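The file protein-v3.txt comes next; it holds compact mmCIF, C-alpha atoms.
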```
# COMPACT_ATOMS: atom_id res chain seq x y z
CA MET A 562 158.53 11.67 23.68
CA ALA A 563 155.65 9.18 23.98
CA SER A 564 156.63 5.63 24.79
CA TRP A 565 155.60 2.57 22.75
CA ARG A 566 153.09 1.68 25.50
CA GLN A 567 151.53 5.15 25.40
CA TRP A 568 151.22 5.02 21.62
CA ARG A 569 149.68 1.54 21.82
CA THR A 570 147.04 2.78 24.27
CA TRP A 571 146.33 5.76 22.03
CA TRP A 572 146.06 3.53 18.94
CA VAL A 573 143.64 1.09 20.63
CA LYS A 574 141.37 3.95 21.69
CA ARG A 575 141.58 5.62 18.28
CA ARG A 576 140.62 2.39 16.50
CA TRP A 577 137.58 2.01 18.78
CA TYR A 578 136.30 5.58 18.94
CA GLU A 579 137.05 6.50 15.34
CA ARG A 580 135.89 3.22 13.80
CA ASN A 581 132.82 4.69 12.07
CA ARG A 582 135.07 7.02 10.09
CA ARG A 583 136.60 4.11 8.17
CA TRP A 584 135.28 3.98 4.62
CA ARG A 585 134.44 0.26 4.67
CA ARG A 586 132.26 0.72 7.75
CA ARG A 587 130.60 3.74 6.15
CA VAL A 588 129.78 1.71 3.06
CA ARG A 589 128.15 -0.96 5.25
CA ILE A 590 126.17 1.67 7.21
CA ASP A 591 125.12 3.34 3.96
CA ARG A 592 123.95 -0.01 2.56
CA HIS A 593 121.70 -0.51 5.60
CA ALA A 594 120.38 3.04 5.18
CA ALA A 595 119.69 2.64 1.46
CA GLU A 596 117.88 -0.65 2.05
CA GLY A 597 115.83 0.88 4.87
CA GLY A 598 115.05 4.16 3.13
CA TYR A 599 116.60 6.39 5.80
CA PHE A 600 119.66 8.64 5.75
CA ILE A 601 122.58 9.10 8.14
CA ARG A 602 124.84 12.15 7.88
CA TYR A 603 128.36 11.56 9.15
CA PRO A 604 129.92 11.39 11.60
CA ILE A 605 127.81 8.90 13.52
CA GLU A 606 129.16 7.65 16.84
CA GLY A 607 128.71 4.44 18.82
CA GLU A 608 127.73 0.89 17.92
CA ALA A 609 125.38 1.71 15.04
CA LEU A 610 126.90 -0.71 12.53
CA GLU A 611 127.11 -3.62 14.97
CA ALA A 612 123.48 -3.04 16.00
CA LEU A 613 122.28 -2.72 12.39
CA ASP A 614 124.11 -5.91 11.41
CA SER A 615 122.53 -7.86 14.29
CA GLY A 616 119.03 -6.41 13.87
CA ARG A 617 119.09 -4.73 17.28
CA LEU A 618 118.81 -1.27 15.69
CA GLU A 619 115.77 -0.58 13.52
CA ILE A 620 115.36 2.75 11.74
CA GLY A 621 112.19 3.61 9.86
CA GLU A 622 111.88 4.85 6.32
CA GLY A 623 112.36 8.58 5.81
CA THR A 624 114.23 9.08 9.08
CA LEU A 625 117.24 11.41 9.15
CA LEU A 626 120.14 11.28 11.61
CA GLU A 627 122.17 14.49 11.58
CA PRO A 628 125.94 14.63 12.20
CA GLY A 629 127.20 13.71 15.65
CA CYS A 630 124.31 11.44 16.62
CA TRP A 631 125.50 8.79 19.04
CA LEU A 632 123.74 5.43 19.28
CA THR A 633 125.14 3.20 21.97
CA LEU A 634 123.70 -0.19 22.88
CA SER A 635 124.68 -2.91 25.30
CA ALA A 636 125.06 -6.41 23.87
CA GLU A 637 121.38 -7.27 24.50
CA ALA A 638 119.83 -3.83 23.94
CA ARG A 639 117.48 -2.76 21.16
CA ILE A 640 116.63 0.63 19.70
CA ARG A 641 113.64 1.13 17.39
CA ILE A 642 113.22 4.46 15.62
CA GLY A 643 110.01 4.95 13.64
CA GLU A 644 109.37 6.40 10.19
CA GLY A 645 109.99 10.02 9.30
CA CYS A 646 111.90 10.89 12.47
CA PHE A 647 114.50 13.62 12.75
CA LEU A 648 117.42 13.32 15.17
CA ASN A 649 119.26 16.61 15.06
CA ARG A 650 122.95 17.17 15.75
CA ASN A 651 124.46 15.44 18.76
CA THR A 652 121.34 13.53 19.80
CA MET A 653 122.34 10.51 21.89
CA LEU A 654 120.37 7.30 22.43
CA ALA A 655 121.89 5.03 25.08
CA ALA A 656 120.16 1.67 25.55
CA VAL A 657 120.91 -1.05 28.04
CA GLU A 658 117.55 -2.76 27.37
CA LEU A 659 115.10 -0.96 25.06
CA ILE A 660 114.34 2.44 23.55
CA GLU A 661 111.32 2.73 21.23
CA ILE A 662 110.58 5.93 19.32
CA GLY A 663 107.35 6.30 17.34
CA ASP A 664 106.86 7.80 13.89
CA HIS A 665 107.56 11.46 13.03
CA VAL A 666 109.37 12.27 16.27
CA MET A 667 111.71 15.26 16.17
CA PHE A 668 114.69 15.83 18.46
CA ALA A 669 116.45 19.22 18.47
CA ASN A 670 120.20 19.49 19.06
CA ASN A 671 121.88 17.84 22.05
CA CYS A 672 118.99 15.67 23.28
CA PHE A 673 119.64 12.53 25.33
CA VAL A 674 117.47 9.44 25.77
CA GLY A 675 118.71 6.66 28.06
CA ASP A 676 117.11 3.68 29.75
CA ALA A 677 119.69 3.28 32.54
CA ASP A 678 121.59 5.20 35.20
CA HIS A 679 125.26 5.07 36.10
CA ARG A 680 125.91 3.01 39.21
CA TYR A 681 127.75 4.67 42.05
CA ASP A 682 126.96 2.44 45.06
CA ASP A 683 130.41 0.84 45.51
CA ALA A 684 132.64 3.42 47.20
CA SER A 685 135.72 1.21 46.66
CA LYS A 686 135.45 1.50 42.84
CA PRO A 687 135.71 4.55 40.60
CA ILE A 688 132.31 5.50 39.21
CA THR A 689 133.59 4.96 35.67
CA TRP A 690 134.10 1.23 36.44
CA GLN A 691 130.71 0.54 38.05
CA GLY A 692 128.58 0.13 34.96
CA PHE A 693 124.89 0.87 34.55
CA GLU A 694 121.65 0.02 36.31
CA PRO A 695 118.65 -0.48 33.97
CA GLN A 696 115.65 1.71 34.83
CA GLY A 697 113.19 0.15 32.39
CA PRO A 698 112.39 0.67 28.73
CA VAL A 699 111.78 4.11 27.25
CA ARG A 700 108.80 4.42 24.92
CA ILE A 701 108.10 7.62 23.00
CA GLY A 702 104.85 7.93 21.06
CA SER A 703 104.49 9.27 17.54
CA ASN A 704 104.47 12.96 16.56
CA CYS A 705 106.46 14.24 19.54
CA TRP A 706 108.83 17.18 19.50
CA PHE A 707 111.79 17.59 21.87
CA GLY A 708 113.39 21.03 22.24
CA VAL A 709 117.12 21.67 22.50
CA GLY A 710 118.93 19.82 25.28
CA CYS A 711 116.10 17.58 26.49
CA VAL A 712 116.81 14.49 28.59
CA VAL A 713 114.53 11.45 28.86
CA THR A 714 115.36 9.06 31.70
CA GLY A 715 114.82 5.31 31.96
CA GLY A 716 111.43 3.74 32.54
CA VAL A 717 109.53 6.67 31.01
CA GLN A 718 106.63 6.47 28.58
CA ILE A 719 105.71 9.56 26.60
CA GLY A 720 102.36 9.54 24.81
CA GLU A 721 101.69 10.71 21.27
CA ARG A 722 101.74 14.39 20.28
CA CYS A 723 103.75 15.68 23.22
CA VAL A 724 105.96 18.76 23.03
CA ILE A 725 108.87 18.76 25.46
CA GLY A 726 110.34 22.23 26.04
CA ALA A 727 114.02 23.03 25.68
CA ASN A 728 116.31 21.78 28.47
CA SER A 729 113.56 19.69 30.08
CA VAL A 730 114.33 16.52 32.00
CA VAL A 731 111.54 13.95 31.70
CA THR A 732 111.54 11.61 34.71
CA LYS A 733 107.89 10.54 34.78
CA ASP A 734 105.37 9.24 32.25
CA LEU A 735 103.54 11.83 30.13
CA PRO A 736 100.05 11.16 28.71
CA ALA A 737 99.25 11.73 25.06
CA GLY A 738 98.83 15.34 23.96
```
Please render this file's structure as structure tokens.
Amino acid sequence: MASWRQWRTWWVKRRWYERNRRWRRRVRIDRHAAEGGYFIRYPIEGEALEALDSGRLEIGEGTLLEPGCWLTLSAEARIRIGEGCFLNRNTMLAAVELIEIGDHVMFANNCFVGDADHRYDDASKPITWQGFEPQGPVRIGSNCWFGVGCVVTGGVQIGERCVIGANSVVTKDLPAG
């Protein structure tokens, strides 16, 4: 039988990780979406509501976020998603500083865009406690298409009209076209 302490730990984690499933939070997210002319299909994970409320998350008109998208931002981070974008199922944007996505960008399932790396330099601490090291902003131009399972690493700029093949890892800047 689980102890009171074990249940308390479980409850704290449930409240945090399942917070976007609460109807009041959904109403607030939906209000932002209606006012901005975009649509979010649930579930959405991460700090989307907090970032929308504070203006650190901007989503352009006509953009669609499919179920399972995860938007996570540090306290100072910003994410800007342009107009008419499509973030398919389980796309994750993880910002420590800045991620900018142009207009009409399409992400297939399971893509990841992050502007930082996990730290692992302190051998006396578990990796999960070491935090992140910013690698610079990520900027993605308009009219780009990312195949299934793509990863974009920090400090990368991708020009307009780029097609990134499935399961690619983008570690360097790409020119337009």
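Across the structure, CA of Lys733 in chain A and CA of Gly716 in chain A are spaced 8.0 Å apart.
For the choices A:Gly726, A:Gly643, A:Gly692, A:Pro628, the atom-to-atom distance to Gly597 in chain A is smallest for A:Gly643 when using all atoms listed in the file.
Remark: for Leu654 in chain A, the closest of the candidate residues A:Val674, A:Cys630, A:Ala636, A:Val666 is A:Val674 (distances computed over all atoms listed in the file).
Between CA of Ala677 in chain A and CA of Gln691 in chain A the separation is 12.6 Å.
Taking CA of Thr732 in chain A as the reference point, CA of Gln696 in chain A is found at 10.7 Å.
If you count all atoms listed in the file and draw a sphere of 10 Å around (98.4, 10.7, 29.3), the protein and nucleic acid residues inside it come out as Gln718, Ile719, Gly720, Glu721, Cys723, Asp734, Leu735, Pro736, Ala737 and Gly738 of chain A.
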field: Spatial neighbours of Thr689 in chain A, 9 Å, all atoms listed in the file, chain gap at least 4 places, as a PyMOL selection string
entry: chain A and resi 679-681
File dump, residues just selected, C-alpha atoms, as an mmCIF file, in the frame of the given file:
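What follows is the written file part_33.cif:
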```cif
data_model
loop_
_atom_site.group_PDB
_atom_site.id
_atom_site.type_symbol
_atom_site.label_atom_id
_atom_site.label_comp_id
_atom_site.auth_asym_id
_atom_site.auth_seq_id
_atom_site.Cartn_x
_atom_site.Cartn_y
_atom_site.Cartn_z
ATOM 1 C CA HIS A 679 125.260 5.070 36.100
ATOM 2 C CA ARG A 680 125.910 3.010 39.210
ATOM 3 C CA TYR A 681 127.750 4.670 42.050
#
```
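Of the residues listed (A:Pro687, A:Gly710, A:Gly715, A:Pro698), A:Gly710 shows the shortest atom-to-atom separation from Thr652 in chain A; distances use all atoms listed in the file.
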Can you tell me which residues surround Asp614 in chain A at a distance of at most 9 Å, considering all atoms listed in the file, apart from same-chain residues fewer than 3 positions away, and format the answer as a compact mmCIF listing (two decimals) with C-alpha atoms, in the frame of the given file?
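Below is the file part-v1.txt, written as the result:
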```txt
# COMPACT_ATOMS: atom_id res chain seq x y z
CA ARG A 589 128.15 -0.96 5.25
CA ILE A 590 126.17 1.67 7.21
CA HIS A 593 121.70 -0.51 5.60
CA ALA A 609 125.38 1.71 15.04
CA LEU A 610 126.90 -0.71 12.53
CA GLU A 611 127.11 -3.62 14.97
CA ARG A 617 119.09 -4.73 17.28
CA LEU A 618 118.81 -1.27 15.69
```
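Closest to Arg700 in chain A among A:Asp664, A:Glu608, A:Glu596, A:Glu622 is A:Asp664, based on all atoms listed in the file.
The nearest approach to Ile662 in chain A among the residues A:Ala594, A:Val730, A:Val717, A:Leu634, with only C-alpha atoms taken into account, belongs to A:Val717.
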Exercise: residues within 7 Å of coordinate (112.7, 5.1, 15.0), counting all atoms listed in the file, as an MDAnalysis selection string: chainID A and resid 619:621 641:644 646 661:664
Any chance you could export range 672-684 of chain A with N, CA, C and O atoms, as a short mmCIF file (atom, residue, chain, number, x, y, z; two decimals), in the first residue's frame?
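Written file, result31.cif:
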```
data_model
loop_
_atom_site.label_atom_id
_atom_site.label_comp_id
_atom_site.auth_asym_id
_atom_site.auth_seq_id
_atom_site.Cartn_x
_atom_site.Cartn_y
_atom_site.Cartn_z
N CYS A 672 8.81 15.90 -34.40
CA CYS A 672 9.96 16.79 -34.61
C CYS A 672 10.32 17.48 -33.30
O CYS A 672 9.48 17.62 -32.41
N PHE A 673 11.58 17.89 -33.20
CA PHE A 673 12.08 18.58 -32.00
C PHE A 673 12.91 19.77 -32.43
O PHE A 673 13.79 19.65 -33.28
N VAL A 674 12.62 20.93 -31.82
CA VAL A 674 13.42 22.14 -32.01
C VAL A 674 13.80 22.64 -30.63
O VAL A 674 12.93 22.90 -29.80
N GLY A 675 15.10 22.79 -30.38
CA GLY A 675 15.57 23.27 -29.08
C GLY A 675 16.75 24.19 -29.24
O GLY A 675 17.58 24.00 -30.13
N ASP A 676 16.84 25.19 -28.39
CA ASP A 676 17.94 26.16 -28.47
C ASP A 676 19.00 25.94 -27.39
O ASP A 676 19.84 26.80 -27.16
N ALA A 677 18.98 24.79 -26.73
CA ALA A 677 19.94 24.53 -25.65
C ALA A 677 20.29 23.05 -25.63
O ALA A 677 19.60 22.22 -26.23
N ASP A 678 21.36 22.72 -24.92
CA ASP A 678 21.76 21.34 -24.69
C ASP A 678 21.72 21.05 -23.21
O ASP A 678 21.92 21.95 -22.39
N HIS A 679 21.53 19.79 -22.87
CA HIS A 679 21.64 19.38 -21.47
C HIS A 679 23.10 19.52 -21.04
O HIS A 679 24.00 19.19 -21.80
N ARG A 680 23.31 19.99 -19.84
CA ARG A 680 24.66 20.02 -19.27
C ARG A 680 24.99 18.66 -18.70
O ARG A 680 24.11 17.95 -18.23
N TYR A 681 26.25 18.32 -18.74
CA TYR A 681 26.69 17.04 -18.19
C TYR A 681 28.13 17.12 -17.68
O TYR A 681 28.79 16.12 -17.45
N ASP A 682 28.61 18.35 -17.44
CA ASP A 682 30.02 18.57 -17.09
C ASP A 682 30.37 18.30 -15.63
O ASP A 682 31.53 18.10 -15.30
N ASP A 683 29.41 18.27 -14.73
CA ASP A 683 29.68 18.05 -13.31
C ASP A 683 29.44 16.58 -12.96
O ASP A 683 28.31 16.15 -12.79
N ALA A 684 30.53 15.83 -12.85
CA ALA A 684 30.41 14.39 -12.61
C ALA A 684 29.85 14.06 -11.23
O ALA A 684 29.41 12.94 -10.98
#
```
